[in-house]
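Chemist: A single structure is presented below for examination.
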Amino acid sequence: MPRKLTRRSFLTEAGIAAATLPLAPAIQSAAPQHDSLVLWYDKPAAEWTDALPVGNGRLGAMIFGGPANEQLQLNEDTLYAGSPYDPNNPEALKALPEARRLIFEGKYKEAHDLVGAKMMANPIKQMPYEPVGDLKLSFPGHDNATNYRRQLDLDTAIATVSYKVGPTTFTREVFVTPVDQVIVVKLTADTPHGLNFSATFETPQKATVSTDGNNVFVLRGVNGDAFGIKGGLNFEALAVVVTPGGESMAEDQKIVVRDADSAVILIAVAISYKNTNGNPRAIARNHLVAAGRKTFEQLRADHVREHQRLFHRVKLDLGRTSAADLPTDQRPEQFLQGLDPHLATLYFQYGRYLLISSSRPGTQPANLQGIWNHLMTPPWESKYTININTEMNYWPVETTNLSECHEPLLRMVSELVENGSRTARVHYGARGWVCHHNTDLWRQTAPIDGPLWGFWPTGGAWLCTHLWHHYEFTNDKKFLARAYPVMKGAAEFFLDTLVEEPRHKWLVTCPSISPENKHPSGVAICAGPTMDTQIIRDLFKQCIRSAEILGIDKDFSSKLREVEKRLPPMQIGKEGQLQEWLDDWDLEAPERQHRHVSHLYGLFPSNQINHRGTADLFAAAKKSLELRGDVGTGWSLAWKINLWARLRDGDRAYLLLQKALSPVYAKEFRGGGGVYRNLFDAHPPFQIDGNFGATSGIVEMLMQSHEGEIELLPALPSAWPNGSVRGLRARGGFEVDLVWKNSALDHAIIHSITGTSCTIRYRTTLIPLKLRRGAAQKIVL
Ligand code: FUC
């Protein structure tokens, strides 16, 4: 039974924690750790993209690591601006027939103007994701530190800073525990009573900061207003400073610690969004008090165990050289020169680390920046862009054995149905539900930003394919039964809104866009872009297949089959390319190297275009990708890694991986995407999708799985002649371990999780496999 807490007992509880906190020995070594998955630096962070991210899916912190001035920038994943709102535009439906007429008459500019004037959401923006604030620590006399090292250990999910001042080694450890829902900071000095510092709690929010007793900060605030929508959330952040052997004093909004051996700071944050019955205070307090009952060692051990439960499922080895001992920000340069193969392993595992740290069951899905954002008005509001970016965040989730971390996204899809049904009704007079190119915490679904970016009705449908993928990897029929009505609703919307285009009588979306790419009329508005048809075809097929598996809804499936036959085919244009639009416009499109490669959705993430059965389209997709070229923003490069892997060109995929790992902070950097010093992906600016997209791309180079077939080493680059991977997941419910030598498969071990059969493909060899649930088979060729 949880005890009822008064303010006094809360403080007493913090005192009890102080008494039981043991003193851990300080970490002495400033030498690089070998064979470890560590990002490390010999300097503190000078800017935000140097700082190191920790998180538990809900709470996040960026750690700067200055010896004299530490900064922990804090986030909570439901702290968005605004409150529930209705941006649907009652004018939109009236304008719809006219917009369609203009498009079918080829009057695209007029259609663009009409859509912009009459059919967009109000407000025309969605709500930004906002930071909580910063805990700042100031250490007098620590300006001249030696033996400095700051690191993030991916294996333990703990960030550490250590340095010497005079004879004393100072150490800081920071982690965010998913078990106890607090941010934990431990500070130690290895000479008795050597630790002196002062702490402040600061925030850009409308908030008050006060101290409670001599060792507790209370930050109480409300979220921001944005684009005319008033803030409706309140939040509380608490920090307790526990100092065995020393004393702490509250002075002037500061907490000052004197002559301590060590200190532990626990930070709890709660926001009134949905879960807290409007009482974030009680939640934050409960988290802090419950965590305070454990010793630091218990908090740490529980945190590490829970992190490793997920993180240890996959092991990758692509080789290692001494370049791996360099500070992390010197390594991209070495990677570009082919001298540091281990950096690809680190980047791959960093992607998995970031996903575990930003998306756990019950949290919000990872947004454009995961959960890490320090700005009140971040780029693109740091929300969900679902015309590529949000989906890309989840490309590696199943294949790299983190299926549970998919839950926040899958839940978000079902939460979109409510507003999405309203948008379908108000904007289109349609049944079912729709979501355009963005959403936010409030699950808004109407078209935003303007017709060039936002008038795209296929975002919700793309997200629905994730419901199906989760089933494909897990064979979880209970999940499919819950997901099916969501998929069906998305399909119903298209049954009501697809229209016949005059030339071929195909059924198409209209108005729509091929995301953000202008066609020769200088606008994006059009009918039936290729990507829409590909997504709708996937959605329909996945609905039909789900209904079959669940043994339901025969009539609805027949209807989908009929309509599916009337969707446009994919077309090959005059350059031999896969056409991006219904018309063969690619050659005259104003931005031939546009970052979005939307029509290649059919090649990846979908499987409609593949080397097994669609040779002409496969060649056309390759041509399109060649014409698009190798330049791009961070996520665009990451998409191309996956695409070249599907095209079975490992060396080209590797070239794109090199581009994705270019140091944007280097003087000679020439633009396009790359990485910051903390290996966050640079669009630029920071966008986390490129991290996840590259992680997915590395899997696609090593293994692909479709239609009952698992293909081993389909795109192994010559840069990785020897290596191994353990624990990748394949469709159908398999775990795959691979060892390769001299650029050829040595052996594979296939573990069946659910007892289904499959065929293994390696080059031209096909091996059928029938395995019982839980059984494994070794394959040697
Ligand atoms: C889309 C992209 C941009 C950016 C933004 C968040 O609009 O075209 O490049 O990634 O989303």
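Quick note on naming: the chains in the structure tokens go A, B, ... in the order shown, residues restart at 1 in each chain, and ligands are numbered from 1 in order of appearance.
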Determine which residues of segment 479-536 of chain A DSSP labels as alpha helix (DSSP H) from the backbone of this structure, then write them out as a PyMOL selection string.

Modeler: chain A and resi 479-497+530-536

Chemist: Pick out the residues no farther than 8 Å from ligand 1, counting only C-alpha atoms and all ligand atoms, and list them as an MDAnalysis selection string.

Modeler: chainID A and resid 368 379:380 382 384:385 387:389 453 515:516 595:596 633 635 683 687

Chemist: Suppose we keep N, CA, C and O atoms; can you now write the selection as a PDB file, in the first residue's frame?

Modeler:
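Dumped everything to again_28.pdb:
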```pdb
ATOM      1  N   LEU A 368      10.511  14.432 -33.718  1.00  0.00           N
ATOM      2  CA  LEU A 368      11.617  14.779 -34.628  1.00  0.00           C
ATOM      3  C   LEU A 368      12.971  14.823 -33.916  1.00  0.00           C
ATOM      4  O   LEU A 368      14.009  14.668 -34.544  1.00  0.00           O
ATOM      5  N   PRO A 379      12.846  23.720 -34.306  1.00  0.00           N
ATOM      6  CA  PRO A 379      12.612  23.541 -35.742  1.00  0.00           C
ATOM      7  C   PRO A 379      11.430  22.591 -35.980  1.00  0.00           C
ATOM      8  O   PRO A 379      11.359  21.533 -35.346  1.00  0.00           O
ATOM      9  N   TRP A 380      10.563  22.968 -36.880  1.00  0.00           N
ATOM     10  CA  TRP A 380       9.358  22.173 -37.214  1.00  0.00           C
ATOM     11  C   TRP A 380       8.596  21.742 -35.954  1.00  0.00           C
ATOM     12  O   TRP A 380       7.998  20.679 -35.891  1.00  0.00           O
ATOM     13  N   SER A 382       9.454  20.361 -33.439  1.00  0.00           N
ATOM     14  CA  SER A 382       9.906  19.090 -32.837  1.00  0.00           C
ATOM     15  C   SER A 382       8.723  18.173 -32.533  1.00  0.00           C
ATOM     16  O   SER A 382       8.641  17.556 -31.478  1.00  0.00           O
ATOM     17  N   TYR A 384       5.650  15.601 -34.850  1.00  0.00           N
ATOM     18  CA  TYR A 384       5.663  14.386 -35.671  1.00  0.00           C
ATOM     19  C   TYR A 384       5.421  14.751 -37.134  1.00  0.00           C
ATOM     20  O   TYR A 384       4.323  15.212 -37.478  1.00  0.00           O
ATOM     21  N   THR A 385       6.405  14.553 -37.982  1.00  0.00           N
ATOM     22  CA  THR A 385       6.216  14.745 -39.422  1.00  0.00           C
ATOM     23  C   THR A 385       6.058  13.350 -40.004  1.00  0.00           C
ATOM     24  O   THR A 385       7.000  12.539 -39.969  1.00  0.00           O
ATOM     25  N   ASN A 387       5.216  12.369 -43.098  1.00  0.00           N
ATOM     26  CA  ASN A 387       5.402  12.059 -44.522  1.00  0.00           C
ATOM     27  C   ASN A 387       6.764  11.396 -44.772  1.00  0.00           C
ATOM     28  O   ASN A 387       7.136  11.169 -45.904  1.00  0.00           O
ATOM     29  N   ILE A 388       7.512  11.112 -43.709  1.00  0.00           N
ATOM     30  CA  ILE A 388       8.716  10.296 -43.741  1.00  0.00           C
ATOM     31  C   ILE A 388       9.305  10.146 -42.335  1.00  0.00           C
ATOM     32  O   ILE A 388       9.645   9.059 -41.877  1.00  0.00           O
ATOM     33  N   ASN A 389       9.442  11.272 -41.607  1.00  0.00           N
ATOM     34  CA  ASN A 389      10.348  11.305 -40.454  1.00  0.00           C
ATOM     35  C   ASN A 389       9.927  10.396 -39.308  1.00  0.00           C
ATOM     36  O   ASN A 389      10.758   9.682 -38.745  1.00  0.00           O
ATOM     37  N   TRP A 453       3.371  21.576 -48.607  1.00  0.00           N
ATOM     38  CA  TRP A 453       3.864  20.592 -47.640  1.00  0.00           C
ATOM     39  C   TRP A 453       2.754  19.709 -47.079  1.00  0.00           C
ATOM     40  O   TRP A 453       2.952  18.524 -46.845  1.00  0.00           O
ATOM     41  N   PRO A 515       5.083  14.091 -51.564  1.00  0.00           N
ATOM     42  CA  PRO A 515       5.527  14.968 -50.489  1.00  0.00           C
ATOM     43  C   PRO A 515       6.596  16.006 -50.824  1.00  0.00           C
ATOM     44  O   PRO A 515       7.737  15.675 -51.122  1.00  0.00           O
ATOM     45  N   GLU A 516       6.114  17.246 -50.763  1.00  0.00           N
ATOM     46  CA  GLU A 516       6.931  18.451 -50.748  1.00  0.00           C
ATOM     47  C   GLU A 516       7.709  18.686 -52.041  1.00  0.00           C
ATOM     48  O   GLU A 516       8.561  19.569 -52.100  1.00  0.00           O
ATOM     49  N   ARG A 595      15.138  16.143 -51.721  1.00  0.00           N
ATOM     50  CA  ARG A 595      15.463  15.200 -50.625  1.00  0.00           C
ATOM     51  C   ARG A 595      14.433  14.082 -50.454  1.00  0.00           C
ATOM     52  O   ARG A 595      14.778  12.973 -50.072  1.00  0.00           O
ATOM     53  N   HIS A 596      13.164  14.388 -50.719  1.00  0.00           N
ATOM     54  CA  HIS A 596      12.161  13.331 -50.587  1.00  0.00           C
ATOM     55  C   HIS A 596      12.254  12.405 -51.796  1.00  0.00           C
ATOM     56  O   HIS A 596      12.287  12.867 -52.933  1.00  0.00           O
ATOM     57  N   THR A 633      19.605  15.748 -47.176  1.00  0.00           N
ATOM     58  CA  THR A 633      19.603  16.033 -45.743  1.00  0.00           C
ATOM     59  C   THR A 633      19.907  14.737 -45.010  1.00  0.00           C
ATOM     60  O   THR A 633      19.924  13.658 -45.612  1.00  0.00           O
ATOM     61  N   TRP A 635      18.185  12.711 -43.037  1.00  0.00           N
ATOM     62  CA  TRP A 635      17.247  11.591 -43.189  1.00  0.00           C
ATOM     63  C   TRP A 635      17.180  11.120 -44.629  1.00  0.00           C
ATOM     64  O   TRP A 635      16.902   9.938 -44.886  1.00  0.00           O
ATOM     65  N   HIS A 683      20.164  17.255 -39.961  1.00  0.00           N
ATOM     66  CA  HIS A 683      19.396  17.473 -41.217  1.00  0.00           C
ATOM     67  C   HIS A 683      20.234  18.309 -42.141  1.00  0.00           C
ATOM     68  O   HIS A 683      20.351  17.907 -43.310  1.00  0.00           O
ATOM     69  N   GLN A 687      17.976  16.345 -36.303  1.00  0.00           N
ATOM     70  CA  GLN A 687      16.741  15.578 -36.432  1.00  0.00           C
ATOM     71  C   GLN A 687      17.114  14.118 -36.212  1.00  0.00           C
ATOM     72  O   GLN A 687      18.018  13.611 -36.869  1.00  0.00           O
TER      73      GLN A 687
END
```

Chemist: Write out as a list in words the residues lying within 9 Å of Ile386 of chain A, counting only C-alpha atoms and excluding same-chain residues fewer than 5 positions away.

Modeler: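 Returned residues: Glu391, Met392, Cys435, His436, His437, Asn438, Thr439, Gly459, Gly460, Trp462 and Leu463 of chain A.
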
Chemist: Could you pull the residues within 8 Å of Phe348 of chain A, counting only C-alpha atoms, minus those fewer than 6 positions along the same chain, as a PyMOL selection string?

Modeler: chain A and resi 694-695+698

Chemist: Near segment 157-174 of chain A, within 8 Å and counting only C-alpha atoms, which residues show up once chain neighbours fewer than 4 positions away are dropped, as JSON, numbers by chain?

Modeler: {"A": [26, 27, 28, 30, 52, 54, 63, 65, 67, 142, 144, 145, 146, 147, 148, 149, 150, 151, 152, 153, 183, 184, 185, 186, 187, 188, 189, 190, 191, 194, 304, 307, 353]}

Chemist: Hey, can you spit out that residue selection with C-alpha atoms as an mmCIF file, in the first residue's frame?

Modeler:
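This went into again-v8.cif:
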```cif
data_model
loop_
_atom_site.group_PDB
_atom_site.id
_atom_site.type_symbol
_atom_site.label_atom_id
_atom_site.label_comp_id
_atom_site.auth_asym_id
_atom_site.auth_seq_id
_atom_site.Cartn_x
_atom_site.Cartn_y
_atom_site.Cartn_z
ATOM 1 C CA ALA A 26 35.252 7.384 -7.836
ATOM 2 C CA ILE A 27 36.136 6.375 -11.402
ATOM 3 C CA GLN A 28 39.841 7.093 -11.791
ATOM 4 C CA ALA A 30 40.865 8.841 -18.051
ATOM 5 C CA LEU A 52 25.228 13.710 -24.334
ATOM 6 C CA VAL A 54 20.168 10.104 -21.617
ATOM 7 C CA ILE A 63 24.592 16.579 -20.180
ATOM 8 C CA GLY A 65 29.913 18.172 -18.499
ATOM 9 C CA PRO A 67 34.023 21.007 -14.775
ATOM 10 C CA HIS A 142 37.197 23.847 -10.970
ATOM 11 C CA ASN A 144 41.618 24.335 -14.324
ATOM 12 C CA ALA A 145 40.729 20.674 -14.521
ATOM 13 C CA THR A 146 43.098 18.007 -15.823
ATOM 14 C CA ASN A 147 42.587 14.376 -16.929
ATOM 15 C CA TYR A 148 39.217 15.394 -18.294
ATOM 16 C CA ARG A 149 36.933 12.775 -19.782
ATOM 17 C CA ARG A 150 33.227 12.783 -20.528
ATOM 18 C CA GLN A 151 31.477 9.743 -21.879
ATOM 19 C CA LEU A 152 28.220 8.015 -22.599
ATOM 20 C CA ASP A 153 28.337 4.270 -22.158
ATOM 21 C CA ILE A 183 16.827 11.344 -13.320
ATOM 22 C CA VAL A 184 19.732 10.365 -11.081
ATOM 23 C CA VAL A 185 22.948 12.364 -10.717
ATOM 24 C CA LYS A 186 25.767 11.244 -8.484
ATOM 25 C CA LEU A 187 28.704 13.517 -7.713
ATOM 26 C CA THR A 188 31.798 12.309 -5.884
ATOM 27 C CA ALA A 189 35.165 13.634 -4.800
ATOM 28 C CA ASP A 190 37.868 11.160 -3.810
ATOM 29 C CA THR A 191 39.288 13.282 -0.996
ATOM 30 C CA GLY A 194 36.149 17.551 -1.091
ATOM 31 C CA VAL A 304 21.252 -1.007 -15.905
ATOM 32 C CA HIS A 307 18.371 -1.147 -20.134
ATOM 33 C CA TYR A 353 20.264 3.180 -27.566
#
```

Chemist: Quick one: everything within 8 Å of Gly224 of chain A, counting only C-alpha atoms, minus sequence neighbours fewer than 3 positions away in the same chain. Send it as a ChimeraX atom specification.

Modeler: /A:80-82,205-206,230-231

Chemist: Kindly export the residues of the current selection with N, CA and C atoms, as a compact mmCIF listing (two decimals), in the first residue's frame.

Modeler:
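Dumped to selection.txt:
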```txt
# COMPACT_ATOMS: atom_id res chain seq x y z
N TYR A 80 4.18 19.69 -24.35
CA TYR A 80 3.95 20.43 -25.60
C TYR A 80 3.18 21.70 -25.25
N ALA A 81 3.19 22.67 -26.13
CA ALA A 81 2.35 23.85 -25.94
C ALA A 81 0.89 23.48 -26.18
N GLY A 82 -0.01 24.35 -25.74
CA GLY A 82 -1.42 24.24 -26.11
C GLY A 82 -2.24 23.33 -25.23
N GLN A 205 10.05 28.37 -19.14
CA GLN A 205 8.59 28.30 -19.08
C GLN A 205 8.03 29.36 -18.13
N LYS A 206 6.69 29.58 -18.23
CA LYS A 206 6.02 30.40 -17.22
C LYS A 206 5.99 29.56 -15.96
N LYS A 230 -4.29 28.30 -26.30
CA LYS A 230 -3.80 28.55 -24.92
C LYS A 230 -3.20 27.28 -24.32
N GLY A 231 -2.18 27.46 -23.52
CA GLY A 231 -1.62 26.34 -22.78
C GLY A 231 -2.62 25.83 -21.76
```

Chemist: What does the distance between atom CA of Leu233 of chain A and atom CA of Pro131 of chain A come to in Å, to one decimal place?

Modeler: 13.4 Å

Chemist: Pick the closest to Lys477 of chain A from A:Thr200, A:Thr465, A:Ser546, A:Gln308: which is it, counting only C-alpha atoms?

Modeler: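 Distance minimum relative to Lys477 of chain A lands on A:Ser546.
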
Chemist: Fewer than 2 positions away in the same chain doesn't count, so skip those; otherwise give me all residues within 12 Å of Thr423 of chain A, counting only C-alpha atoms, as JSON, numbers by chain.

Modeler: {"A": [86, 87, 88, 89, 90, 92, 93, 119, 120, 121, 416, 417, 418, 419, 420, 421, 425, 426, 427, 428, 429, 430, 431, 432, 433, 434, 435, 436, 443, 444, 445, 446, 447, 457, 460, 493]}

Chemist: For Arg313 of chain A, which residue out of A:Glu415, A:Glu501, A:Asp180, A:Asp155 is the nearest one, using only C-alpha atoms?

Modeler: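 Looking only at the distances to Arg313 of chain A, the closest residue turns out to be A:Asp155.
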
Chemist: Determine, using only C-alpha atoms, which residues of segment 634-684 of chain A have any atom at most 9 Å from an atom of segment 598-606 of chain A, and tabulate each with its shortest atom pair and distance in Å to one decimal place, rows ordered by chain and then rising number, as a Markdown table.

Modeler:
```
| residue | atom | partner | partner_atom | distance |
| --- | --- | --- | --- | --- |
| A:Trp639 | CA | A:Phe604 | CA | 8.1 |
| A:Asn642 | CA | A:Phe604 | CA | 6.7 |
| A:Leu643 | CA | A:Phe604 | CA | 5.8 |
| A:Arg646 | CA | A:Leu603 | CA | 6.9 |
| A:Leu647 | CA | A:Leu603 | CA | 8.2 |
```

Chemist: Just to confirm, what's the straight-line distance from atom CA of Pro332 of chain A to atom CA of Asp651 of chain A in Å (one decimal)?

Modeler: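 Those two atoms sit 17.9 Å apart.
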
Chemist: Just the number, please: distance in Å from atom CA of Gln73 of chain A to atom CA of Ser248 of chain A, one decimal.

Modeler: 22.5 Å
